[in-house]
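Novice: Quick one: the structure is below, and I'll ask about it shortly.
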Amino acid sequence: LADAAHGLQERLDVLVTGDIALKETKQFLGENIDTDAVTDFMETRGRSFKISASNLGDDLLDCMSTPEDYKDLYQLLEESGQHYLLKEIKSFQWKTGVTYSTAVPLKPRQQQDQGATGEGAVSKEKTAQESALPSGETKHLPSSAIGLKKQVVKLILLGETEAGKTSLRVTIILGKPHTEEEANRTIGVDIRTYIDGTHGIEYNIYDFGGHEVYHYTHRFFLTHLGLYLLCVDLPAYRSEHFQERVGKWVTSISSHVTKPALIVVGTKSDEGDVTEKIALLEKDIKSAETAVRQALEEEISRCQETLNNRVQGLQMEDDHFVGLSREEVLDKKTSLQKLLDGRLEDLVDVHIVPVSSKRNEGIDALRSKMAEIVLRRISVSGGSREVPQSWSDLCKRIKQETSKPCLSVEVCKQSGAAVGMGTADVMNALDYFNVSGEIVFYRRIQGMEDKVFQHPTTIMRLFKLFFRHDMAQHLQTLDGLMDEDRQQFLEGGVVTDKFVEAVLPEEAEAFKLLLPLMKHFGLCFNSRVTMMANVARRGLQAFAPHWPKVPKEGTREIKLIMKSLDVNNRHPVGLGESLACRITQMSEEGRRLVRRDAIINRVDNIDIMYRRVYDDNGKQEQGETTSNNTVDEIRLRTEIPEAWRGMKKLVKEIEPCLEEYRARLTEDRVVVVGDRKVESIPLEALHKHTAEDLDKMFRGEWTEPTRQEAVSSVDKASQYKIDNGLYDVSSKLGKSWLRLATDFGLPRLELEQIKDSPLKNDTQRAFQALQLWRKKAGHGPLHYLPQLAEALENMAKDESETEDSDDYDDEDSSEDDDKDECENEVLKNVVAVVTKMLEDHRRNLPEAAINPEDTENVEGMLKWSLPQEGRFHCQGSDLHVITPYPLYVTTASWSAGPWRCSSDWVPVGALFHIQFRPDDATQPVEIDLPHIVELAEADMKLACLGDDDGQHEILPVEPVKPAHVTAAHVTARLRTDARVGPVGRRRAVCAALHIDDAQKDLEEKLTTMGRTDLAKTVRRMFRDHVSAMEEMDLKSDVTSDQDGKTKFCLTLPCKGKYVCPHTDIGIVTSGPMAMTYQREFLPDQWEHQDDWTPVGPVFSLHCDVTEDGPVEIMLPHILHLSEEDTVGIGEKEAKVVHARQDKKEELLPVVVTPTHFIFRHRKGSWWWDVIFGRTFPRRGILALFKSPWRSYGMEMKAFIVSNIAGVTETLKDAVRDLTGEETFEMLASKPCKLVSDQTYCLHVDVEN
C-alpha cells in the first residue's frame, strides 16, 4: 500500500505541476508550438480543432488527463527541437516548489495576478454638475467597495457631432438624468474620470468631438485595451447615413486595433418609438460587416487557390499574386486570416444598447455591459501589470517637473539615479510609460530623440487649440492676431509665428517641440508650418494644368492603387491626409498642387501625383465628397530607366503612413500605365524584384525561378535552433525587451498589445517581440541576426558611455554604477550569444549546387538564380556564394567595357554580375571568386565595377578593395549590385606565369590558357592606356628623295607618344629613339590579297632604338569604328602586313582602336593594315572643286575619298593632274561615313 501510495503521489505530482505550468504557458505555447506536431498529438487523443493561437493552449490543456500525456508532450517538444518551449514549461514547474516525492493538496491554490493600479496621466477635471458633489463623495462607490483594487480602463466615446456623447458621459458619471442642452460642442477631446464602485472599475473617459476636423487626431488615443462606445442618434438615423454615422468609426477603430471592445449605443431613445430604427441599424451593421468578412474570405480563398496551383506546378494566365513566392503567398494568407480573426465578432450579431440621457434610461444596462466586457475581454487579455516601485517613483518625479513642457533624456536618467535606477532601467521605464500612455517619448522619430513630455495632455491641449470646428469664430475673439495671419490659416492652413504667439500664448514652446511628431504623423508639413486639415480639397479641374493626360515620350508612368476592403470600401480617416503630407514634404521647390486630397510634386526629375479617386456614383461638389467607394492612387512619371527605382523610393517614403494603420484592410496593387499583358502586381512584389524582372512581369514574360532539387526550403530544425537561441536572448533581456523592440521600430500599438497580453513574464513578451520583428524583417537569420547583434551592441555602448559621463556625488553613486555595470555586462553576454548563433548558423549551412538557367541572352553567358538565404555552388563555374537574400548571378565580360582600374592591375578570373533581388538588403553577400594564378594576398584584390548598362542603379566606381586570398579563390563581401572579379598586380601575375612583363606576352599566355576574355581585356587595357597618353609636341624633319617622295625623320628624346600631323602615323616608345618613315604605294601583288582587304596607307619604317625596350607603332586606318566596334573585332580579323624584300610577308596581331592599329615594332620595310572577311563603314570625305567663271558658267568636280591625313592636298594635286590647270580651287568639303551601295548628295550654294 505504501508503494502504491507513493506511486500515486508521483503521478499526482506530474499532473499538478504540469497543469500549473501549462496554464502559465498556454498562450506562449499556442503562439509558437509546431502546429503539425501538436495536431497529431491531439488527434491521437481524440481531439480535433481549428488551429488558432487563441484557443490552441486551452485545447491542449483539455487533452492532458494523465501523467503520460505530459511526458508525451515533453518528449514531443524535445524531439521536434523546440527545446525553448520545454524550458519555459519547466521554469514554471520549478516555481511551484513541488517535487515528485512531496505530497501536494488535491486542489492547488491558484496564483493571483498581481496587477498594479497606476495613476493615469489623464485630466481629473469635472463639469459644473460633477463638481457639485459633496466633498469626498464618489458616485456609485459603496462603502464596501472602498479600498478594493480597481481595474483602470480607457473608455472612448465616438460618434458624429450631436450624437449625444457628452450627455451620455455626464449621465454615466452623475447617475441621474441630464436634461440640459449642450450649447457648446466638445472641442477636440474632453477627459473625465468615473469610478464604477459596483464592479470595481475606474474609467478614464475620452469624449471625442464629432466634427470632421477632429477626426485626424483620434488615432493618437486609440488602444487595444480601450473600451469603445460608438454613439448613434437613433431618431435621426437613416441607412444612407450609415457610412458617416457608423462605418467610418468602425473602420478607424479596426484599422488600429485588433478585436476591439466595442458597444454600439443608440442615444436619444426617449424621442419616440425607436424600435424600427434599432432594427434598421442592426441590419445595416450586420450587412456591412458581413461584406467585409466576405471580401477577406475571398482574398484568403484566392491565396489558397494560388498555393494549390503552385504545388501542382500549374501556371495561371491571370496570377493575382505574380511576383510572390509560395512562402510569401502563404504569409499573406496567414496575415489575412489574422485580420479576419481580429474583426469584432459582435458586429455580425450586433445588439444595440438604447439609452436616454434625459431620462437616465438604459444607463444601468450599459454599465453592466461595459463591466462584462472589461472583465471578460480586457482583464482576461492581460490587464494592468505590476511595475517596479522604482519605476513608479521615476514616473512621479518626471511628472513633478512642471517648469518645462518636456525634459531631456539626461535629466530623466538623473531622476532615475536618484531612486536607485541604472541607465538601462531608466530607458526601459521610459519606453514602458510611453507605451502605456503615461508620458510621450517617441525616440524613433527624427527630432524627438531627446524629448520626454511629462504629460500626454500637452498634445491634447495643442489639438484643442488647432483643431476646432468653430475656428473662424474663435480666431475673431483673439486679440493681437493680424487679419493676414488669420486669413492665411483659414484659407491655407499656414501657421505663422505671429499666429502661434496669438493662439498659443502659453503653449508656443511646446508646439515647436512637438512639430517633428506632428509632421511624422502627417498633421502638418513645410518649414513654414501648414496644417493639412485646414488645406482645401481640390476642385473638379485642379489637375488639368499640372498633370497632362499623356506622359511625355521616353517616360514611364507607374501607379500605386490602394483599394480599401473595409466598410463601404472606405479608408480610415487620416490616411489620405498622411499620404498627402508625406509626398508634399519630399520637395518644397517642386510643388505644383497642394490640396488635402490631391498633391502634385516634382522630386528631382520625378513627377509624383497623389489623389483620392471617387467612383462613378460619387459626387464632388464644393469640395465635399459623398461617394461610398474611394480609392487612393499615387502616380509617378519619370524617364524609363529611373522609373522602378523612383517607385521603390516613393513607397519607402510613405511606408510609415501605412504602418501606422497596421490593421487596415486594403488591396494595394502596382500598375504600369500603357500596353501590358499583366494588369497589376501586388505591392509586396515591388521590393522583392529587380527592375528587369518587374518589366518582365508586366510583359507576361516572367516566371518564378524553378526551385531545383538540390535547394530545399528552410527546414524546421534550423528554425527551431534559432528559436532556442532567441529564447536564451529573451531570458537575459528582462525588462530591456521593450527598449530593444522600440529600437527596432515596432509600432507602439503592437508593443502595447504584447505588453498587456496574457503572456506571463518578460521572457515570453521579449520572445514574442523578437518573433514579430523577425517576421517584419522578411529574410532569414543571416539578415536579422547581425541586426540584432548591432542593436544590442548599441545598447551596451550607450550604457558604457553613460557610465563614463555619470559623476554623481551622492552616497548611492557607487551602487548605481554597479547596477549600470551589471546591466552592461548582461547586454555584452547577450551580444555574445547572438554572435555565436550567427556563427553556428553560417557554419552549418549546407551547400547546394545550382545549375544555370536556360537563357536566350548573349551566347556563352550563364545565369544562376539563388532562391533564398543559403550557401550555393554555381555549377558551370567555380563560384561559391553565401547569401542572406535571393540573388541573380550572371557571367559578364571584362572586355565589354572600359578598364576601370589602374594599368598596374590585370584581371585574373571571371567577371560576375551580382544582383540583389530584394531592395531592402542590408547585410553583405560573401562570394568566393575563382582565379587562374596563385598570388600573395598583397598582389590580389577584388575589382567591383558598378552597373552602367542603364538597366540597374548606376553605382559609383569603386577602387579595388582588399580581399581574402586562397590558392584557388579570392573571398570578399559585397553589399550592393555590381560586377565583381579578381584582379592581380600585373608584374606579379607575369612572374607567376613565367613570362616577361609585357602586354603582348601576357595576352598570348592568356589566349593559350583559353582565357579569351582576359586576353581581350589586356588588349583593351593597353589600347586605353595608349589612347590616354599625352602626345609629345615634336617637329619632324621633312625631306624628299630623288623620286619626289616625302620622307620624315624624327628623334624622340624620352619615352612617350608621338603622332605625326602629316601622316597620322604614331609611335609609343619606352626610351629615346629615332625613326624614319614615308608613305609607299600598295604593291600590285601580295600574298594575301584574295582574303584580306587593305584599310590604311602603306608605310616604310625604320627605327633606331638606343635602349632595349618595346616600341609600339600606331598605323592609321580608314574604318569608321566606335569603342564597341573595336571590342567586337577578333584577333583573327585584324592584322598588319609586314612585307620585306628578302622574306615572306607576315600577318601580325594588332590592338584596334577607333583610329589606329597598334602593333609591336619589328625590323623591316613595309607595313599596312588589313581586315579579313568583314565589311565595316569607312571614314570618308566629300569634296567639291570649282573652276573660274566662264562664258558658259562654272565647271565643278566632286570626289568621295577615304579620309586620311593629307587627303585634301592629295585631291588638289589630283585635280591639277587631271585637268592640267591650277585654277581649280576647293569649294567645300565634309567628313562622312561611307557605306557600300549608299547614295550621297553634297549641296552647295554658288553666288553670282
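Quick note on naming: the chains in the C-alpha cells go A, B, ... in the order shown, residues restart at 1 in each chain, and ligands are numbered from 1 in order of appearance.
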With only C-alpha atoms as the counted atoms, please give the residues lying no more than 6 Å from stretch 602-617 of chain A, apart from itself and same-chain residues fewer than 4 positions off, as a compact mmCIF listing (two decimals) with N, CA and C atoms, in the first residue's frame.

Specialist:
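The resulting file, out.txt, is shown below:
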# COMPACT_ATOMS: atom_id res chain seq x y z
N SER A 587 9.56 67.48 -51.38
CA SER A 587 10.22 68.61 -52.03
C SER A 587 9.35 69.85 -51.87
N GLY A 590 9.36 71.73 -55.81
CA GLY A 590 8.68 71.12 -56.95
C GLY A 590 7.17 71.08 -56.85
N ASP A 597 -6.72 66.37 -50.57
CA ASP A 597 -6.92 65.06 -51.20
C ASP A 597 -6.23 64.98 -52.55
N ALA A 598 -5.26 65.85 -52.81
CA ALA A 598 -4.55 65.81 -54.09
C ALA A 598 -3.23 66.57 -53.98
N ASN A 629 -17.56 54.52 -52.41
CA ASN A 629 -16.34 53.80 -52.75
C ASN A 629 -15.25 54.78 -53.18
N THR A 630 -14.11 54.67 -52.53
CA THR A 630 -12.99 55.53 -52.87
C THR A 630 -11.73 54.70 -53.00
N VAL A 631 -10.80 55.22 -53.79
CA VAL A 631 -9.50 54.57 -53.98
C VAL A 631 -8.43 55.64 -53.86
N ASP A 632 -7.39 55.36 -53.07
CA ASP A 632 -6.24 56.26 -53.01
C ASP A 632 -5.25 55.83 -54.09
N GLU A 633 -4.77 56.79 -54.86
CA GLU A 633 -3.94 56.49 -56.02
C GLU A 633 -2.72 57.40 -56.01
N ILE A 634 -1.54 56.81 -56.20
CA ILE A 634 -0.30 57.58 -56.31
C ILE A 634 0.33 57.25 -57.65
N ARG A 635 0.61 58.27 -58.45
CA ARG A 635 1.21 58.08 -59.78
C ARG A 635 2.60 58.69 -59.81
N LEU A 636 3.45 58.07 -60.60
CA LEU A 636 4.83 58.53 -60.76
C LEU A 636 5.19 58.54 -62.23
N ARG A 637 5.83 59.62 -62.68
CA ARG A 637 6.31 59.72 -64.06
C ARG A 637 7.78 60.14 -64.05
N THR A 638 8.57 59.42 -64.82
CA THR A 638 9.98 59.79 -64.98
C THR A 638 10.55 59.02 -66.16

Novice: Between A:Leu658, A:Met1114, A:Val292, A:Val826, single out the one closest to A:Phe1159, counting only C-alpha atoms.

Specialist: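 Ranked by minimum distance to A:Phe1159, first place goes to A:Met1114.
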
Novice: Rank A:Ile373, A:Ala163, A:Leu523, A:Leu465 by their smallest atom-to-atom distance to A:Ser357, using only C-alpha atoms, and report the top residue only.

Specialist: A:Ala163

Novice: Which value, in Å to one decimal, gives the distance between atom CA of A:Leu866 and atom CA of A:Gly313?

Specialist: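 It comes out at 19.4 Å.
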
Novice: Residues at most 12 Å from A:Arg461, counting only C-alpha atoms, excluding those fewer than 5 positions away in the same chain, as a ChimeraX atom specification?

Specialist: /A:122-123,187-191,217,405,455-456,466-468,503-504,506-508,510-511,514

Novice: Using DSSP on the backbone coordinates, identify the residues of stretch 318-496 of chain A assigned to strand (DSSP E); present them as a PyMOL selection string.

Specialist: chain A and resi 353-354+406-407+452-453

Novice: Could you tell me how far atom CA of A:Phe92 sits from atom CA of A:Lys26, in Å to one decimal place?

Specialist: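 Taking atom CA of A:Lys26 as the start and atom CA of A:Phe92 as the end point, the length is 11.6 Å.
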
Novice: Pick from A:Ser902, A:Ser730, A:Gln414, A:Ser335: nearest to A:Tyr84, with only C-alpha atoms counted?

Specialist: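 Going through A:Ser902, A:Ser730, A:Gln414, A:Ser335 one by one, the smallest distance to A:Tyr84 is for A:Ser730.
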
Novice: Measuring atom to atom with only C-alpha atoms, identify which of A:Thr258, A:Asp997, A:Phe208, A:Val311 is nearest to A:Arg343.

Specialist: A:Thr258
